[in-house]
$ cat work_31.txt   # compact mmCIF, C-alpha atoms
# COMPACT_ATOMS: atom_id res chain seq x y z
CA MET A 1 240.15 74.68 114.21
CA SER A 2 241.76 75.96 110.99
CA GLN A 3 242.62 79.63 110.59
CA SER A 4 240.03 80.13 107.84
CA SER A 5 237.36 78.43 109.94
CA GLU A 6 238.20 80.74 112.85
CA GLN A 7 238.01 83.77 110.57
CA THR A 8 234.61 82.64 109.29
CA GLN A 9 233.39 82.20 112.86
CA CYS A 10 234.73 85.62 113.88
CA TYR A 11 233.08 87.21 110.86
CA ALA A 12 229.77 85.57 111.73
CA MET A 13 230.06 86.71 115.36
CA GLN A 14 230.95 90.27 114.42
CA LEU A 15 227.86 90.46 112.21
CA GLN A 16 225.83 89.84 115.37
CA ILE A 17 227.38 92.65 117.40
CA ASP A 18 224.59 95.13 116.67
CA THR A 19 221.86 92.61 117.39
CA PHE A 20 223.64 91.97 120.70
CA LEU A 21 223.92 95.70 121.46
CA ASP A 22 220.20 96.11 120.74
CA GLY A 23 219.45 93.33 123.23
CA ASP A 24 217.86 91.26 120.49
CA LEU A 25 220.29 88.33 120.68
CA VAL A 26 218.67 85.63 122.81
CA GLY A 27 218.91 81.96 123.76
CA GLU A 28 221.57 79.78 122.16
CA GLN A 29 222.69 82.54 119.80
CA GLN A 30 223.39 84.81 122.75
CA LEU A 31 225.27 82.06 124.61
CA ALA A 32 227.36 81.26 121.52
CA PHE A 33 228.15 84.95 121.01
CA VAL A 34 229.12 85.61 124.63
CA GLY A 35 231.13 82.38 124.76
CA HIS A 36 233.03 83.25 121.59
CA VAL A 37 233.78 86.80 122.75
CA ALA A 38 235.08 85.45 126.06
CA GLU A 39 237.57 83.25 124.18
CA CYS A 40 238.49 85.48 121.24
CA GLY A 41 240.58 88.59 121.88
CA GLY A 42 239.93 90.02 118.41
CA CYS A 43 236.16 89.78 118.72
CA ALA A 44 236.26 91.10 122.30
CA HIS A 45 238.17 94.13 121.00
CA GLU A 46 235.62 94.65 118.21
CA LEU A 47 232.77 94.42 120.71
CA ARG A 48 234.43 97.01 122.98
CA TYR A 49 234.92 99.30 120.00
CA ALA A 50 231.32 98.81 118.85
CA GLN A 51 229.98 99.49 122.36
CA HIS A 52 232.13 102.59 122.70
CA LEU A 53 230.99 104.02 119.36
CA TYR A 54 227.36 103.08 120.06
CA GLU A 55 227.42 104.86 123.42
CA SER A 56 229.19 107.85 121.87
CA VAL A 57 226.46 108.13 119.23
CA LEU A 58 223.78 107.93 121.93
CA ASP A 59 225.52 110.84 123.69
CA LEU A 60 225.79 113.07 120.62
CA PRO A 61 224.25 116.53 121.06
CA LYS A 62 220.81 117.34 119.67
CA ALA A 63 220.54 120.42 117.50
CA ASP A 64 217.92 123.12 117.65
CA CYS A 65 216.85 125.97 115.43
CA SER A 66 217.22 129.62 116.29
CA ASP A 67 214.48 131.42 118.21
CA ALA A 68 214.31 133.92 115.34
CA LEU A 69 213.20 131.11 113.05
CA VAL A 70 210.48 130.08 115.48
CA ASP A 71 209.34 133.72 115.65
CA ASP A 72 209.15 133.81 111.84
CA LEU A 73 207.08 130.63 111.78
CA VAL A 74 204.74 131.94 114.45
CA ALA A 75 204.36 135.14 112.41
CA ILE A 76 203.48 133.09 109.33
CA SER A 77 200.78 131.25 111.24
CA SER A 78 199.43 134.54 112.57
CA GLN A 79 198.87 135.82 109.07
CA LYS A 80 196.21 134.66 106.71
CA ARG A 81 196.95 131.04 105.69
CA VAL A 82 199.81 131.00 103.24
CA GLN A 83 199.08 130.19 99.66
CA GLN A 84 199.14 126.46 99.16
CA HIS A 85 201.81 125.25 96.76
CA GLY A 86 203.70 121.95 96.55
CA GLY A 87 203.08 118.71 98.45
CA ALA A 88 204.81 116.85 101.25
CA MET B 1 194.81 125.80 114.88
CA GLN B 2 197.48 128.45 115.35
CA ILE B 3 198.09 127.40 118.96
CA GLU B 4 198.34 123.75 117.94
CA PHE B 5 200.79 124.69 115.19
CA GLN B 6 202.99 126.55 117.67
CA GLN B 7 202.83 123.59 120.03
CA ALA B 8 203.89 121.30 117.19
CA ILE B 9 206.91 123.53 116.48
CA GLU B 10 207.93 123.46 120.14
CA LYS B 11 207.43 119.72 120.37
CA HIS B 12 209.26 118.71 117.20
CA ARG B 13 211.73 121.49 116.32
CA GLN B 14 214.69 119.69 117.88
CA ARG B 15 213.93 116.45 116.03
CA VAL B 16 213.61 118.18 112.67
CA VAL B 17 216.75 120.28 113.10
CA THR B 18 218.83 117.42 114.50
CA LEU B 19 218.03 115.27 111.47
CA ALA B 20 219.01 118.15 109.18
CA ARG B 21 222.10 119.11 111.20
CA TYR B 22 223.61 115.62 111.00
CA SER B 23 223.09 115.66 107.25
CA LEU B 24 224.35 119.17 106.44
CA ARG B 25 227.46 120.95 107.65
CA SER B 26 225.93 124.37 108.11
CA ALA B 27 223.54 125.28 110.91
CA ALA B 28 222.05 127.95 108.60
CA ASP B 29 221.19 125.24 106.05
CA ALA B 30 219.61 123.13 108.78
CA ASP B 31 217.53 126.16 109.83
CA ASP B 32 216.44 126.63 106.19
CA ILE B 33 215.33 123.01 106.08
CA ALA B 34 213.41 123.42 109.35
CA GLN B 35 211.69 126.53 108.04
CA GLU B 36 210.69 124.76 104.83
CA VAL B 37 209.37 121.78 106.79
CA PHE B 38 207.30 123.78 109.27
CA VAL B 39 205.88 126.03 106.56
CA LYS B 40 204.74 122.85 104.79
CA LEU B 41 203.25 121.63 108.07
CA TRP B 42 201.25 124.85 108.28
CA GLN B 43 200.19 124.65 104.64
CA HIS B 44 199.07 121.03 104.94
CA TRP B 45 197.70 121.29 108.48
CA PRO B 46 194.04 120.44 107.70
CA LYS B 47 194.98 117.37 105.65
CA ILE B 48 197.52 115.80 108.02
CA ASP B 49 196.77 112.87 110.31
CA HIS B 50 197.95 114.53 113.50
CA ASP B 51 198.32 111.20 115.29
CA LYS B 52 201.19 110.69 112.85
CA GLN B 53 202.52 114.22 112.95
CA LEU B 54 206.09 113.26 113.86
CA PRO B 55 206.53 110.64 111.09
CA TRP B 56 205.03 113.17 108.63
CA LEU B 57 207.56 115.81 109.73
CA LEU B 58 210.45 113.35 109.54
CA ARG B 59 209.43 112.26 106.04
CA VAL B 60 209.19 115.86 104.82
CA THR B 61 212.53 116.69 106.49
CA HIS B 62 214.18 113.65 104.92
CA ASN B 63 212.87 114.60 101.46
CA ALA B 64 213.88 118.24 101.93
CA ILE B 65 217.43 117.22 102.84
CA ILE B 66 217.70 114.99 99.77
CA ASP B 67 216.43 117.83 97.55
CA PHE B 68 218.81 120.29 99.20
CA VAL B 69 221.85 118.06 98.68
CA ARG B 70 220.81 117.39 95.08
CA ARG B 71 220.44 121.12 94.40
CA ARG B 72 223.78 121.86 96.02
CA LYS B 73 225.56 119.28 93.90
CA THR B 74 224.45 121.13 90.79
CA ARG B 75 226.04 124.35 92.07
CA ASN B 76 229.70 125.31 92.03
CA GLU B 77 231.07 123.32 94.98
CA SER B 78 234.08 125.56 95.59
CA ILE B 79 231.80 128.56 96.13
CA ASP B 80 229.54 126.46 98.27
CA ASP B 81 232.42 125.23 100.41
CA ALA B 82 233.62 128.78 100.95
CA VAL B 83 230.16 129.80 102.11
CA ASP B 84 230.09 126.80 104.45
CA VAL B 85 233.43 127.75 105.99
CA GLU B 86 232.23 131.31 106.59
CA ALA B 87 228.96 130.09 108.01
CA GLN B 88 230.71 127.64 110.28
CA ALA B 89 233.08 130.29 111.58
CA ALA B 90 230.14 132.50 112.46
CA GLU B 91 228.23 129.82 114.29
CA GLN B 92 229.00 129.48 117.97
CA SER B 93 226.06 127.49 119.19
CA GLN B 94 226.07 124.95 121.94
CA PHE B 95 226.08 122.29 119.24
CA GLU B 96 229.40 123.51 117.83
CA ALA B 97 230.89 123.75 121.32
CA LEU B 98 230.02 120.13 121.95
CA GLU B 99 231.41 119.20 118.54
CA ASN B 100 234.82 120.47 119.66
CA ASN B 101 235.36 117.20 121.44
CA GLN B 102 237.57 115.31 118.98
CA LEU B 103 235.68 112.03 119.06
CA THR B 104 232.36 113.84 118.76
CA ALA B 105 233.65 115.87 115.82
CA SER B 106 234.98 112.77 114.05
CA LEU B 107 231.74 110.95 114.75
CA THR B 108 229.61 113.81 113.43
CA ASP B 109 231.73 114.00 110.26
CA ALA B 110 231.50 110.25 109.76
CA ILE B 111 227.71 110.34 110.15
CA ARG B 112 227.43 113.18 107.62
CA GLN B 113 229.39 111.10 105.13
CA LEU B 114 227.00 108.17 105.31
CA ASP B 115 224.65 107.78 102.36
CA ASP B 116 220.95 107.85 102.82
CA PRO B 117 218.96 106.11 104.21
CA PHE B 118 221.81 104.84 106.44
CA ARG B 119 222.43 108.35 107.82
CA SER B 120 218.79 109.25 108.45
CA ILE B 121 218.03 105.96 110.15
CA LEU B 122 221.12 106.14 112.37
CA VAL B 123 220.31 109.72 113.37
CA MET B 124 216.65 108.98 114.01
CA ARG B 125 217.24 105.82 116.01
CA ASP B 126 220.61 106.14 117.75
CA VAL B 127 221.09 109.91 118.05
CA GLN B 128 217.44 110.83 118.66
CA GLY B 129 216.12 107.59 120.14
CA LEU B 130 212.99 107.60 117.98
CA SER B 131 210.79 104.54 117.91
CA TYR B 132 211.05 101.99 115.14
CA ALA B 133 207.37 102.63 114.42
CA ASP B 134 208.00 106.34 113.74
CA ILE B 135 211.03 105.56 111.57
CA GLU B 136 209.15 102.89 109.59
CA GLU B 137 206.26 105.27 109.00
CA SER B 138 208.45 108.20 108.00
CA LEU B 139 210.59 106.24 105.52
CA ASP B 140 207.88 103.86 104.36
CA MET B 141 209.91 100.80 105.37
CA ASN B 142 209.17 97.74 107.49
CA ALA B 143 210.90 96.97 110.80
CA SER B 144 213.38 94.48 109.38
CA GLN B 145 214.43 96.89 106.62
CA VAL B 146 215.04 99.63 109.19
CA LYS B 147 217.12 97.29 111.36
CA VAL B 148 219.18 96.07 108.40
CA TYR B 149 219.95 99.67 107.37
CA LEU B 150 220.68 100.64 110.99
CA HIS B 151 223.12 97.79 111.53
CA ARG B 152 224.83 98.48 108.21
CA ALA B 153 225.10 102.16 109.15
CA ARG B 154 226.78 101.24 112.45
CA ARG B 155 229.17 98.86 110.65
CA LYS B 156 230.04 101.64 108.19
CA LEU B 157 230.84 103.93 111.12
CA ARG B 158 233.02 101.25 112.71
CA ALA B 159 234.89 100.89 109.42
CA ASP B 160 235.78 104.61 109.43
CA PRO B 161 239.57 104.78 109.92
CA GLN B 162 239.45 108.16 111.74
CA LEU B 163 237.00 106.85 114.31
CA ARG B 164 239.01 103.68 114.85
CA LEU B 165 242.13 105.77 115.33
CA ARG B 166 240.40 107.93 117.95
CA PHE B 167 239.18 104.83 119.74
CA GLU B 168 242.66 103.29 119.76
CA GLU B 169 244.07 106.58 121.11
CA ILE B 170 241.52 106.66 123.92
CA ASN B 171 242.14 103.00 124.66
CA SER B 172 245.92 103.30 124.73
CA SER B 173 245.80 106.43 126.93
CA GLY B 174 244.15 104.34 129.64
CA ASP B 175 240.83 106.21 129.50
CA ASP B 176 238.55 103.39 130.53
CA ALA B 177 235.44 104.79 128.85
CA VAL B 178 234.53 101.47 127.20
$ encode --input "work_31.txt" --output "structure tokens"
Amino acid sequence: MSQSSEQTQCYAMQLQIDTFLDGDLVGEQQLAFVGHVAECGGCAHELRYAQHLYESVLDLPKADCSDALVDDLVAISSQKRVQQHGGA
Amino acid sequence: MQIEFQQAIEKHRQRVVTLARYSLRSAADADDIAQEVFVKLWQHWPKIDHDKQLPWLLRVTHNAIIDFVRRRKTRNESIDDAVDVEAQAAEQSQFEALENNQLTASLTDAIRQLDDPFRSILVMRDVQGLSYADIEESLDMNASQVKVYLHRARRKLRADPQLRLRFEEINSSGDDAV
């Protein structure tokens, strides 16, 4: 296989990494992807990197607002309904 | 109605603030966005389809963030940056403590630098684990559009040189986290 053909194949495989990570790659496409990654060090490295980043994003902390803000909002709802202005 | 409103705040506050926090550097700005969003929820309470309360909140949050960033761009950025630095120094929340991890900090920065809707979709789906249905509803997109943006967002992250460097460092140090 020529170098440019290999590069094209690697590019095509790397475009499927996220579909693979989402579990949406099935059948022959999945077999072709897994087979290519098993043979190609560059694509295997990219898949490891993608998996690592993906898992790191899943583990990122969730943020929350301050309790003071919640108290303010509760106070607003306790008062007479605020004047309506502006839409969603 | 007041009880239901308070329950809605408790149920969704983290989702609203997380979306804002991964778009804006300052926790105070994210709190301002959350306040604006929940005040609008209260104002529009009788008109909202409460079966779709979460997508409604996400849409309002998304729009509020876009407006906020647009307004900020029209201000003097050097003053704004100085305020951000002061605000950041004052904030010692659990979120900031977790951000101290180098990879987490680089990842958070890289996410904040993504354009919309890449950033919002990545935060909603991968950080918060929201359903495609909620994301589609909130951004008025179909499932394939959301997936295309999500995959592009992930590819943009992977192309970030700082993140790649961190990964290579972790890999070469023998930390078998992959």
$ atom_distance --input "work_31.txt" --atom1 "CA of Leu58 in chain A" --atom2 "CA of Leu130 in chain B"
11.5 Å
$ interface_residues --input "work_31.txt" --of "chain B" --to "chain A" --cutoff "8 Å" --atoms "only C-alpha atoms" --output "VMD selection string"
chain B and resid 2 5 to 6 9 13 to 15 17 to 18 21 30 to 31 34 to 35 38 to 40 42 to 44 60 95 98 104 107 126 to 129 151 154 158 164 167 177 to 178
$ atom_distance --input "work_31.txt" --atom1 "CA of Ala28 in chain B" --atom2 "CA of Lys52 in chain B"
27.4 Å
$ atom_distance --input "work_31.txt" --atom1 "CA of Ala68 in chain A" --atom2 "CA of Glu36 in chain B"
14.4 Å
$ residues_around --input "work_31.txt" --residues "Ala110 in chain B" --least-positions-apart "6" --cutoff "12 Å" --atoms "only C-alpha atoms" --output "list in words"
Leu53 and Val57 of chain A; Tyr22, Ser23, Leu24, Arg25, Leu103, Thr104, Phe118, Arg119, Leu122, Val123, Ala153, Arg154, Arg155, Lys156, Leu157, Arg158, Ala159, Asp160, Pro161, Gln162, Leu163 and Arg164 of chain B
$ closest_residue --input "work_31.txt" --among "A:Val34, A:Gln7, A:Cys40, A:Asp67" --to "Phe20 in chain A" --atoms "only C-alpha atoms"
A:Val34
